[in-house]
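Shown here: target.pdb, PDB, C-alpha atoms.
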ATOM      1  CA  MET A 258      -1.363  38.130  28.942
ATOM      2  CA  MET A 259       1.517  36.326  30.666
ATOM      3  CA  SER A 260       0.016  32.945  29.903
ATOM      4  CA  ASN A 261      -0.022  33.738  26.198
ATOM      5  CA  ASP A 262       3.571  34.873  26.126
ATOM      6  CA  HIS A 263       4.864  31.685  24.533
ATOM      7  CA  ILE A 264       2.347  32.163  21.693
ATOM      8  CA  LEU A 265       3.110  35.825  21.145
ATOM      9  CA  ASN A 266       6.884  35.410  21.406
ATOM     10  CA  PRO A 267       7.490  32.053  19.748
ATOM     11  CA  GLU A 268      10.971  30.610  19.552
ATOM     12  CA  THR A 269      10.920  30.730  15.784
ATOM     13  CA  MET A 270       8.916  33.488  14.169
ATOM     14  CA  PRO A 271       6.581  32.200  11.439
ATOM     15  CA  GLN A 272       7.002  33.308   7.848
ATOM     16  CA  SER A 273       4.083  35.739   7.944
ATOM     17  CA  PRO A 274       3.887  36.936  11.563
ATOM     18  CA  GLU A 275       1.046  39.298  10.606
ATOM     19  CA  LYS A 276      -1.273  36.424   9.706
ATOM     20  CA  ALA A 277      -0.071  33.728  12.115
ATOM     21  CA  THR A 278      -2.806  34.288  14.708
ATOM     22  CA  LEU A 279      -6.584  34.327  14.324
ATOM     23  CA  GLU A 280      -6.515  37.932  15.540
ATOM     24  CA  GLY A 281      -4.053  38.734  12.756
ATOM     25  CA  LYS A 282      -6.153  37.026  10.088
ATOM     26  CA  ASN A 283      -9.236  38.904  11.255
ATOM     27  CA  LYS A 284      -7.438  42.249  11.270
ATOM     28  CA  PHE A 285      -6.199  41.545   7.751
ATOM     29  CA  LEU A 286      -9.678  40.740   6.388
ATOM     30  CA  GLY A 287     -11.282  43.546   8.375
ATOM     31  CA  LEU A 288      -8.950  46.135   6.925
ATOM     32  CA  TRP A 289      -9.563  44.985   3.340
ATOM     33  CA  PHE A 290     -13.307  45.129   4.001
ATOM     34  CA  PHE A 291     -12.830  48.682   5.259
ATOM     35  CA  LEU A 292     -10.811  49.591   2.140
ATOM     36  CA  GLY A 293     -13.615  48.265  -0.086
ATOM     37  CA  GLY A 294     -15.990  50.635   1.701
ATOM     38  CA  GLU A 295     -13.529  53.518   1.479
ATOM     39  CA  THR A 296     -13.375  53.006  -2.278
ATOM     40  CA  VAL A 297     -17.097  53.772  -2.521
ATOM     41  CA  LEU A 298     -16.787  56.740  -0.166
ATOM     42  CA  PHE A 299     -14.070  58.308  -2.298
ATOM     43  CA  ALA A 300     -15.976  57.453  -5.489
ATOM     44  CA  SER A 301     -18.907  59.544  -4.300
ATOM     45  CA  LEU A 302     -16.561  62.457  -3.572
ATOM     46  CA  PHE A 303     -14.863  62.089  -6.982
ATOM     47  CA  GLY A 304     -18.260  61.889  -8.710
ATOM     48  CA  THR A 305     -19.433  65.019  -6.899
ATOM     49  CA  TYR A 306     -16.224  66.833  -7.821
ATOM     50  CA  LEU A 307     -16.522  65.917 -11.511
ATOM     51  CA  SER A 308     -20.148  67.076 -11.557
ATOM     52  CA  LEU A 309     -19.417  70.439  -9.908
ATOM     53  CA  LYS A 310     -15.954  71.124 -11.332
ATOM     54  CA  ASN A 311     -17.175  73.654 -13.916
ATOM     55  CA  SER A 312     -19.525  75.492 -11.540
ATOM     56  CA  THR A 313     -16.994  78.163 -10.646
ATOM     57  CA  ALA A 314     -19.476  81.029 -10.021
ATOM     58  CA  GLY A 315     -17.150  83.517 -11.750
ATOM     59  CA  GLY A 316     -14.230  82.487  -9.544
ATOM     60  CA  PRO A 317     -10.950  80.934 -10.690
ATOM     61  CA  THR A 318     -11.160  77.786 -12.813
ATOM     62  CA  SER A 319      -9.094  74.656 -12.274
ATOM     63  CA  GLU A 320      -6.818  75.631 -15.178
ATOM     64  CA  GLU A 321      -6.054  79.054 -13.672
ATOM     65  CA  LEU A 322      -5.631  77.746 -10.162
ATOM     66  CA  PHE A 323      -3.537  74.596 -10.284
ATOM     67  CA  GLY A 324       0.235  74.370 -10.718
ATOM     68  CA  LEU A 325       1.966  71.122 -11.536
ATOM     69  CA  GLU A 326       5.305  71.555  -9.707
ATOM     70  CA  LEU A 327       4.027  71.298  -6.136
ATOM     71  CA  VAL A 328       1.655  68.450  -7.003
ATOM     72  CA  PHE A 329       4.491  66.561  -8.664
ATOM     73  CA  ILE A 330       6.693  66.826  -5.564
ATOM     74  CA  MET A 331       3.760  65.784  -3.351
ATOM     75  CA  THR A 332       3.122  62.779  -5.596
ATOM     76  CA  ILE A 333       6.740  61.621  -5.460
ATOM     77  CA  MET A 334       6.802  62.084  -1.664
ATOM     78  CA  LEU A 335       3.704  59.982  -1.092
ATOM     79  CA  LEU A 336       4.801  57.321  -3.565
ATOM     80  CA  THR A 337       8.197  57.115  -1.852
ATOM     81  CA  SER A 338       6.506  56.833   1.544
ATOM     82  CA  SER A 339       4.573  53.900   0.121
ATOM     83  CA  LEU A 340       7.890  52.231  -0.768
ATOM     84  CA  THR A 341       9.383  52.957   2.659
ATOM     85  CA  SER A 342       6.435  51.251   4.329
ATOM     86  CA  VAL A 343       7.072  48.252   2.044
ATOM     87  CA  TYR A 344      10.635  48.287   3.424
ATOM     88  CA  ALA A 345       9.249  48.389   6.956
ATOM     89  CA  MET A 346       7.144  45.281   6.261
ATOM     90  CA  TYR A 347      10.172  43.619   4.647
ATOM     91  CA  HIS A 348      12.089  44.052   7.897
ATOM     92  CA  MET A 349       9.058  42.884   9.875
ATOM     93  CA  LYS A 350       9.081  39.626   7.927
ATOM     94  CA  ASN A 351      12.810  39.289   8.685
ATOM     95  CA  ASN A 352      12.026  39.886  12.354
ATOM     96  CA  ASP A 353      14.204  43.006  12.524
ATOM     97  CA  PHE A 354      12.280  45.338  14.818
ATOM     98  CA  LYS A 355      14.738  48.254  14.851
ATOM     99  CA  LYS A 356      14.959  48.521  11.091
ATOM    100  CA  MET A 357      11.182  48.242  10.838
ATOM    101  CA  GLN A 358      10.786  51.148  13.259
ATOM    102  CA  LEU A 359      13.368  53.163  11.308
ATOM    103  CA  TRP A 360      11.548  52.720   7.977
ATOM    104  CA  LEU A 361       8.196  53.400   9.606
ATOM    105  CA  GLY A 362       9.713  56.617  10.963
ATOM    106  CA  ILE A 363      10.837  57.650   7.477
ATOM    107  CA  THR A 364       7.348  56.847   6.185
ATOM    108  CA  GLY A 365       5.868  59.123   8.830
ATOM    109  CA  LEU A 366       8.260  61.970   8.013
ATOM    110  CA  LEU A 367       7.406  61.772   4.310
ATOM    111  CA  GLY A 368       3.724  61.803   5.251
ATOM    112  CA  ILE A 369       4.221  64.913   7.390
ATOM    113  CA  GLY A 370       6.112  66.563   4.500
ATOM    114  CA  PHE A 371       3.238  65.771   2.148
ATOM    115  CA  LEU A 372       0.724  67.196   4.582
ATOM    116  CA  ALA A 373       2.753  70.387   5.098
ATOM    117  CA  MET A 374       2.824  70.974   1.346
ATOM    118  CA  GLU A 375      -0.916  70.406   1.074
ATOM    119  CA  ILE A 376      -1.571  72.940   3.826
ATOM    120  CA  TYR A 377       0.738  75.388   2.026
ATOM    121  CA  GLU A 378      -1.167  74.762  -1.215
ATOM    122  CA  PHE A 379      -4.577  75.419   0.394
ATOM    123  CA  ALA A 380      -3.258  78.540   2.144
ATOM    124  CA  HIS A 381      -1.888  79.748  -1.201
ATOM    125  CA  TYR A 382      -5.282  79.330  -2.918
ATOM    126  CA  ILE A 383      -7.080  81.115  -0.095
ATOM    127  CA  THR A 384      -4.744  84.089   0.274
ATOM    128  CA  GLU A 385      -3.661  84.607  -3.365
ATOM    129  CA  TYR A 386      -6.870  83.728  -5.196
ATOM    130  CA  GLY A 387      -9.510  84.115  -2.478
ATOM    131  CA  PHE A 388     -10.519  80.574  -3.450
ATOM    132  CA  THR A 389     -12.242  79.070  -0.398
ATOM    133  CA  PHE A 390     -14.721  76.353   0.511
ATOM    134  CA  ARG A 391     -17.507  78.909   0.076
ATOM    135  CA  SER A 392     -16.338  80.515  -3.207
ATOM    136  CA  SER A 393     -18.260  78.199  -5.512
ATOM    137  CA  ALA A 394     -19.578  74.675  -5.916
ATOM    138  CA  PHE A 395     -16.183  73.908  -7.471
ATOM    139  CA  GLY A 396     -14.489  75.191  -4.306
ATOM    140  CA  SER A 397     -16.692  73.104  -2.002
ATOM    141  CA  ALA A 398     -16.173  69.948  -4.065
ATOM    142  CA  PHE A 399     -12.426  70.528  -4.372
ATOM    143  CA  TYR A 400     -11.756  71.123  -0.671
ATOM    144  CA  THR A 401     -14.061  68.260   0.342
ATOM    145  CA  LEU A 402     -12.358  65.724  -1.931
ATOM    146  CA  VAL A 403      -8.726  66.770  -1.486
ATOM    147  CA  GLY A 404      -9.292  67.655   2.173
ATOM    148  CA  PHE A 405     -10.801  64.247   2.857
ATOM    149  CA  HIS A 406      -7.687  62.653   1.428
ATOM    150  CA  GLY A 407      -5.528  64.977   3.538
ATOM    151  CA  GLY A 408      -7.625  63.981   6.556
ATOM    152  CA  HIS A 409      -6.811  60.351   5.819
ATOM    153  CA  VAL A 410      -3.107  61.215   5.681
ATOM    154  CA  THR A 411      -3.407  63.036   9.032
ATOM    155  CA  PHE A 412      -5.188  60.082  10.594
ATOM    156  CA  GLY A 413      -2.545  57.717   9.197
ATOM    157  CA  ILE A 414       0.302  59.767  10.681
ATOM    158  CA  LEU A 415      -1.379  59.841  14.117
ATOM    159  CA  TRP A 416      -2.023  56.101  13.881
ATOM    160  CA  LEU A 417       1.613  55.456  12.969
ATOM    161  CA  ILE A 418       3.013  57.603  15.797
ATOM    162  CA  THR A 419       0.734  55.849  18.299
ATOM    163  CA  LEU A 420       1.796  52.412  17.044
ATOM    164  CA  MET A 421       5.496  53.258  17.089
ATOM    165  CA  ILE A 422       5.470  54.737  20.592
ATOM    166  CA  ARG A 423       3.126  52.141  22.104
ATOM    167  CA  ASN A 424       5.223  49.236  20.839
ATOM    168  CA  ALA A 425       8.684  50.832  21.151
ATOM    169  CA  LYS A 426       9.697  48.707  24.134
ATOM    170  CA  ARG A 427       7.722  45.602  23.263
ATOM    171  CA  GLY A 428       9.745  44.558  20.248
ATOM    172  CA  LEU A 429       8.117  42.581  17.486
ATOM    173  CA  ASN A 430       5.753  39.758  18.380
ATOM    174  CA  LEU A 431       2.665  38.041  17.029
ATOM    175  CA  TYR A 432       0.476  40.470  18.954
ATOM    176  CA  ASN A 433       1.691  43.658  17.284
ATOM    177  CA  ALA A 434       2.870  42.372  13.873
ATOM    178  CA  PRO A 435      -0.745  42.417  12.552
ATOM    179  CA  LYS A 436      -1.102  45.998  13.805
ATOM    180  CA  PHE A 437       1.914  47.192  11.822
ATOM    181  CA  ASN A 438       0.763  45.301   8.738
ATOM    182  CA  THR A 439      -2.735  46.774   8.988
ATOM    183  CA  PHE A 440      -1.286  50.276   9.128
ATOM    184  CA  SER A 441       0.920  49.554   6.122
ATOM    185  CA  LEU A 442      -2.046  48.412   4.002
ATOM    186  CA  TYR A 443      -3.999  51.524   4.975
ATOM    187  CA  TRP A 444      -1.029  53.705   4.042
ATOM    188  CA  HIS A 445      -0.791  52.080   0.591
ATOM    189  CA  PHE A 446      -4.483  52.749   0.085
ATOM    190  CA  ILE A 447      -3.893  56.452   0.811
ATOM    191  CA  ASP A 448      -1.429  56.445  -2.064
ATOM    192  CA  VAL A 449      -3.962  54.656  -4.296
ATOM    193  CA  VAL A 450      -6.457  57.445  -3.616
ATOM    194  CA  TRP A 451      -3.791  60.077  -4.264
ATOM    195  CA  VAL A 452      -3.048  58.549  -7.694
ATOM    196  CA  PHE A 453      -6.660  59.303  -8.633
ATOM    197  CA  VAL A 454      -6.553  62.733  -6.971
ATOM    198  CA  PHE A 455      -3.509  63.894  -8.941
ATOM    199  CA  THR A 456      -4.865  62.361 -12.155
ATOM    200  CA  VAL A 457      -8.508  63.437 -11.975
ATOM    201  CA  VAL A 458      -8.214  66.716 -10.060
ATOM    202  CA  TYR A 459      -4.840  68.178 -11.030
ATOM    203  CA  LEU A 460      -3.782  66.656 -14.360
ATOM    204  CA  MET A 461      -7.287  66.512 -15.888
ATOM    205  CA  GLY A 462      -8.004  69.919 -14.339
ATOM    206  CA  LYS A 463      -4.988  71.336 -16.145
ATOM    207  CA  VAL A 464      -5.959  69.728 -19.458
ATOM    208  CA  GLY A 465      -9.349  71.399 -19.186
TER     209      GLY A 465
ATOM    210  CA  MET B 249      16.023  21.529  16.666
ATOM    211  CA  GLU B 250      18.218  24.452  15.853
ATOM    212  CA  ASN B 251      17.318  28.030  16.710
ATOM    213  CA  THR B 252      15.956  27.238  20.109
ATOM    214  CA  ASN B 253      16.574  30.519  21.851
ATOM    215  CA  THR B 254      16.298  33.198  19.176
ATOM    216  CA  ASN B 255      13.571  34.315  16.828
ATOM    217  CA  LYS B 256      15.740  33.520  13.830
ATOM    218  CA  ILE B 257      14.324  33.503  10.352
ATOM    219  CA  THR B 258      15.712  30.761   8.132
ATOM    220  CA  GLU B 259      18.067  31.606   5.287
ATOM    221  CA  TYR B 260      15.498  30.274   2.834
ATOM    222  CA  GLN B 261      12.834  32.696   4.096
ATOM    223  CA  LYS B 262      15.308  35.564   4.053
ATOM    224  CA  GLN B 263      16.194  34.823   0.447
ATOM    225  CA  ARG B 264      12.522  34.690  -0.518
ATOM    226  CA  ASN B 265      11.806  37.992   1.238
ATOM    227  CA  LYS B 266      14.747  39.518  -0.589
ATOM    228  CA  GLU B 267      13.445  38.389  -3.981
ATOM    229  CA  GLU B 268      10.025  39.791  -3.130
ATOM    230  CA  MET B 269      11.621  43.101  -2.159
ATOM    231  CA  LYS B 270      13.428  43.219  -5.490
ATOM    232  CA  LYS B 271      10.119  42.848  -7.353
ATOM    233  CA  GLN B 272       8.650  45.633  -5.253
ATOM    234  CA  LEU B 273      11.610  47.902  -6.050
ATOM    235  CA  ILE B 274      11.064  47.261  -9.761
ATOM    236  CA  SER B 275       7.356  48.110  -9.369
ATOM    237  CA  PHE B 276       8.338  51.326  -7.606
ATOM    238  CA  ALA B 277      10.604  52.280 -10.514
ATOM    239  CA  LEU B 278       7.807  51.550 -13.000
ATOM    240  CA  MET B 279       5.337  53.587 -10.935
ATOM    241  CA  ILE B 280       7.749  56.549 -11.026
ATOM    242  CA  VAL B 281       8.035  56.159 -14.820
ATOM    243  CA  VAL B 282       4.229  56.067 -15.203
ATOM    244  CA  THR B 283       3.922  59.189 -13.030
ATOM    245  CA  LEU B 284       6.566  61.002 -15.099
ATOM    246  CA  ILE B 285       4.773  60.123 -18.357
ATOM    247  CA  ALA B 286       1.442  61.397 -16.959
ATOM    248  CA  PHE B 287       2.915  64.727 -15.800
ATOM    249  CA  THR B 288       4.896  65.148 -19.039
ATOM    250  CA  ILE B 289       1.762  64.694 -21.170
ATOM    251  CA  VAL B 290       0.040  67.514 -19.294
ATOM    252  CA  ALA B 291       3.061  69.820 -18.854
ATOM    253  CA  THR B 292       4.031  69.743 -22.541
ATOM    254  CA  GLY B 293       0.474  69.653 -23.880
ATOM    255  CA  VAL B 294       1.489  67.194 -26.596
ATOM    256  CA  MET B 295      -1.909  65.511 -26.610
ATOM    257  CA  GLU B 296      -5.379  66.672 -27.518
ATOM    258  CA  LYS B 297      -7.768  66.775 -24.570
ATOM    259  CA  MET B 298      -9.805  63.989 -26.136
ATOM    260  CA  PHE B 299      -6.802  61.620 -26.109
ATOM    261  CA  ALA B 300      -5.071  62.946 -23.010
ATOM    262  CA  ILE B 301      -7.891  62.159 -20.556
ATOM    263  CA  PRO B 302      -8.272  58.447 -21.367
ATOM    264  CA  VAL B 303      -4.471  58.024 -21.501
ATOM    265  CA  LEU B 304      -4.118  59.673 -18.058
ATOM    266  CA  LEU B 305      -6.810  57.402 -16.629
ATOM    267  CA  ILE B 306      -5.149  54.283 -18.051
ATOM    268  CA  LEU B 307      -1.788  55.365 -16.585
ATOM    269  CA  ALA B 308      -3.497  55.852 -13.194
ATOM    270  CA  LEU B 309      -5.019  52.353 -13.381
ATOM    271  CA  ILE B 310      -1.612  50.838 -14.221
ATOM    272  CA  GLN B 311      -0.035  52.549 -11.225
ATOM    273  CA  VAL B 312      -2.862  51.501  -8.904
ATOM    274  CA  ALA B 313      -2.562  47.882 -10.120
ATOM    275  CA  PHE B 314       1.132  47.901  -9.139
ATOM    276  CA  GLN B 315       0.194  49.325  -5.760
ATOM    277  CA  TYR B 316      -2.449  46.662  -5.100
ATOM    278  CA  TYR B 317      -0.759  43.598  -6.591
ATOM    279  CA  TYR B 318       2.852  44.217  -5.569
ATOM    280  CA  PHE B 319       2.939  46.693  -2.672
ATOM    281  CA  MET B 320      -0.207  45.282  -1.037
ATOM    282  CA  HIS B 321       0.521  41.663  -2.102
ATOM    283  CA  MET B 322      -2.793  41.029  -3.827
ATOM    284  CA  LYS B 323      -0.934  38.770  -6.273
ATOM    285  CA  ASP B 324      -0.031  36.401  -3.409
ATOM    286  CA  LYS B 325      -1.985  33.386  -2.226
ATOM    287  CA  GLY B 326      -4.720  33.881   0.325
ATOM    288  CA  HIS B 327      -5.908  37.165  -1.167
ATOM    289  CA  GLU B 328      -9.214  35.939  -2.577
ATOM    290  CA  MET B 329     -11.313  37.829  -0.025
ATOM    291  CA  PRO B 330      -9.307  41.064  -0.385
ATOM    292  CA  SER B 331      -9.783  40.836  -4.165
ATOM    293  CA  ILE B 332     -13.539  40.375  -3.784
ATOM    294  CA  MET B 333     -13.710  43.370  -1.464
ATOM    295  CA  ILE B 334     -11.620  45.660  -3.645
ATOM    296  CA  TYR B 335     -13.293  44.652  -6.919
ATOM    297  CA  GLY B 336     -16.679  44.866  -5.178
ATOM    298  CA  GLY B 337     -15.759  48.338  -3.944
ATOM    299  CA  ALA B 338     -14.524  49.324  -7.402
ATOM    300  CA  TRP B 339     -17.778  48.087  -8.965
ATOM    301  CA  ALA B 340     -19.874  50.155  -6.546
ATOM    302  CA  ALA B 341     -17.488  53.072  -7.188
ATOM    303  CA  ILE B 342     -18.048  52.888 -10.956
ATOM    304  CA  LEU B 343     -21.830  52.765 -10.445
ATOM    305  CA  THR B 344     -21.642  55.763  -8.089
ATOM    306  CA  ILE B 345     -19.640  57.878 -10.535
ATOM    307  CA  ALA B 346     -21.795  56.740 -13.487
ATOM    308  CA  GLY B 347     -24.947  57.618 -11.550
ATOM    309  CA  LEU B 348     -23.690  61.092 -10.656
ATOM    310  CA  ALA B 349     -22.557  61.647 -14.248
ATOM    311  CA  VAL B 350     -25.959  60.638 -15.603
ATOM    312  CA  ILE B 351     -27.935  62.985 -13.341
ATOM    313  CA  THR B 352     -25.514  65.823 -14.171
ATOM    314  CA  TRP B 353     -25.134  65.570 -17.924
ATOM    315  CA  TRP B 354     -28.015  63.456 -19.254
TER     316      TRP B 354
END
Rewrite the structure from the file as structure tokens, please.
Amino acid sequence: MMSNDHILNPETMPQSPEKATLEGKNKFLGLWFFLGGETVLFASLFGTYLSLKNSTAGGPTSEELFGLELVFIMTIMLLTSSLTSVYAMYHMKNNDFKKMQLWLGITGLLGIGFLAMEIYEFAHYITEYGFTFRSSAFGSAFYTLVGFHGGHVTFGILWLITLMIRNAKRGLNLYNAPKFNTFSLYWHFIDVVWVFVFTVVYLMGKVG
Amino acid sequence: MENTNTNKITEYQKQRNKEEMKKQLISFALMIVVTLIAFTIVATGVMEKMFAIPVLLILALIQVAFQYYYFMHMKDKGHEMPSIMIYGGAWAAILTIAGLAVITWW
């Protein structure tokens, strides 16, 4: 590790520190490969949801269940957290570690806020409507799809906290810049999935 | 050589990063607008179901394109492989959803 120090902490940071090393290039390609696979995973969950959406077994339908206010706030929160992680990468490219950490922190807080509202939403459906995973095929498909997205948010938050704490004293270098960039791409992808969740599940569910 | 003892970024790079950030801020504003239109269509019920669903899906695709091309830099050079992977994934995704739709409603 010591012998590589001059590579990891160069005297002038390159323009794209996240892709300056072979490790960084590989992480970059690897994450995009992963996102391609995730696309198919979520497609199968969306397809299942669309197929089972009307199988309510006498329970509440999507039109009776969903409200738009909470989903709208959740959407804005996640979209804003996507922008704040763009800001974090902006400061990474300017080699400003403190500001990058600050914006990553804001991203994490917005993510936690989103997650809290999702948990509230699920709790509301369960206690007020008795709408659970076992209520109907619609219930199973709904909680699997939206819950899987929520699981991705949870994983992202844990990943971010680990990254921020682990690298807090290291500062920015060519070893950890790819790690931050990889997280940021993953976090954008979570927002991509959410765009389809709020469109297909909530908005189309409200239309009928 | 200047900048021998600090990890300074050149003014030129800083300026370029700033311009990129500006574009990303504009995309964010447009994404908010697209989101507002989508929610307004559903909240006010101005559109028939038959029109509303395709319009909502198109709005979602617009927003996702901004996310991929601006926030995730897919418009930049060196993103040929990422594009192949995402479009490949999207192709398999369409087939998956089409397949499930066929066995459900055929």
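Here CA of Pro274 (chain A) is placed at a distance of 28.0 Å from CA of Met279 (chain B).
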Distance cut-off 10 Å, centre (7.3, 51.9, 1.3) in file coordinates, counting all atoms listed in the file: which residues qualify? Return them as an mmCIF file with C-alpha atoms, in the frame of the given file.
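Just written: point.cif:
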data_model
loop_
_atom_site.group_PDB
_atom_site.id
_atom_site.type_symbol
_atom_site.label_atom_id
_atom_site.label_comp_id
_atom_site.auth_asym_id
_atom_site.auth_seq_id
_atom_site.Cartn_x
_atom_site.Cartn_y
_atom_site.Cartn_z
ATOM 1 C CA LEU A 335 3.704 59.982 -1.092
ATOM 2 C CA LEU A 336 4.801 57.321 -3.565
ATOM 3 C CA THR A 337 8.197 57.115 -1.852
ATOM 4 C CA SER A 338 6.506 56.833 1.544
ATOM 5 C CA SER A 339 4.573 53.900 0.121
ATOM 6 C CA LEU A 340 7.890 52.231 -0.768
ATOM 7 C CA THR A 341 9.383 52.957 2.659
ATOM 8 C CA SER A 342 6.435 51.251 4.329
ATOM 9 C CA VAL A 343 7.072 48.252 2.044
ATOM 10 C CA TYR A 344 10.635 48.287 3.424
ATOM 11 C CA ALA A 345 9.249 48.389 6.956
ATOM 12 C CA MET A 346 7.144 45.281 6.261
ATOM 13 C CA TYR A 347 10.172 43.619 4.647
ATOM 14 C CA TRP A 360 11.548 52.720 7.977
ATOM 15 C CA LEU A 361 8.196 53.400 9.606
ATOM 16 C CA ILE A 363 10.837 57.650 7.477
ATOM 17 C CA THR A 364 7.348 56.847 6.185
ATOM 18 C CA SER A 441 0.920 49.554 6.122
ATOM 19 C CA TRP A 444 -1.029 53.705 4.042
ATOM 20 C CA HIS A 445 -0.791 52.080 0.591
ATOM 21 C CA GLN B 272 8.650 45.633 -5.253
ATOM 22 C CA LEU B 273 11.610 47.902 -6.050
ATOM 23 C CA PHE B 276 8.338 51.326 -7.606
ATOM 24 C CA PHE B 319 2.939 46.693 -2.672
#
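Atom pair CA of Val328 (chain A) / CA of Phe455 (chain A): separated by 7.2 Å.
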Distance filter 8 Å, all atoms listed in the file, chain A against chain B, as a count of residues only
47
Using the chain letters and numbers from the file, give me the residues hit by the PyMOL selection byres ((chain A and resi 284) around 12), as a ChimeraX atom specification.
/A:275-283,285-291,432-440,442-443 /B:330
Result set of the PyMOL selection byres ((chain A and resi 372-388) around 10) on the coordinates above, as a VMD selection string
chain A and resid 313 316 to 318 321 to 324 327 to 328 330 to 331 335 366 to 371 389 to 393 395 to 397 400 403 to 404 407 to 408 410 to 411 414
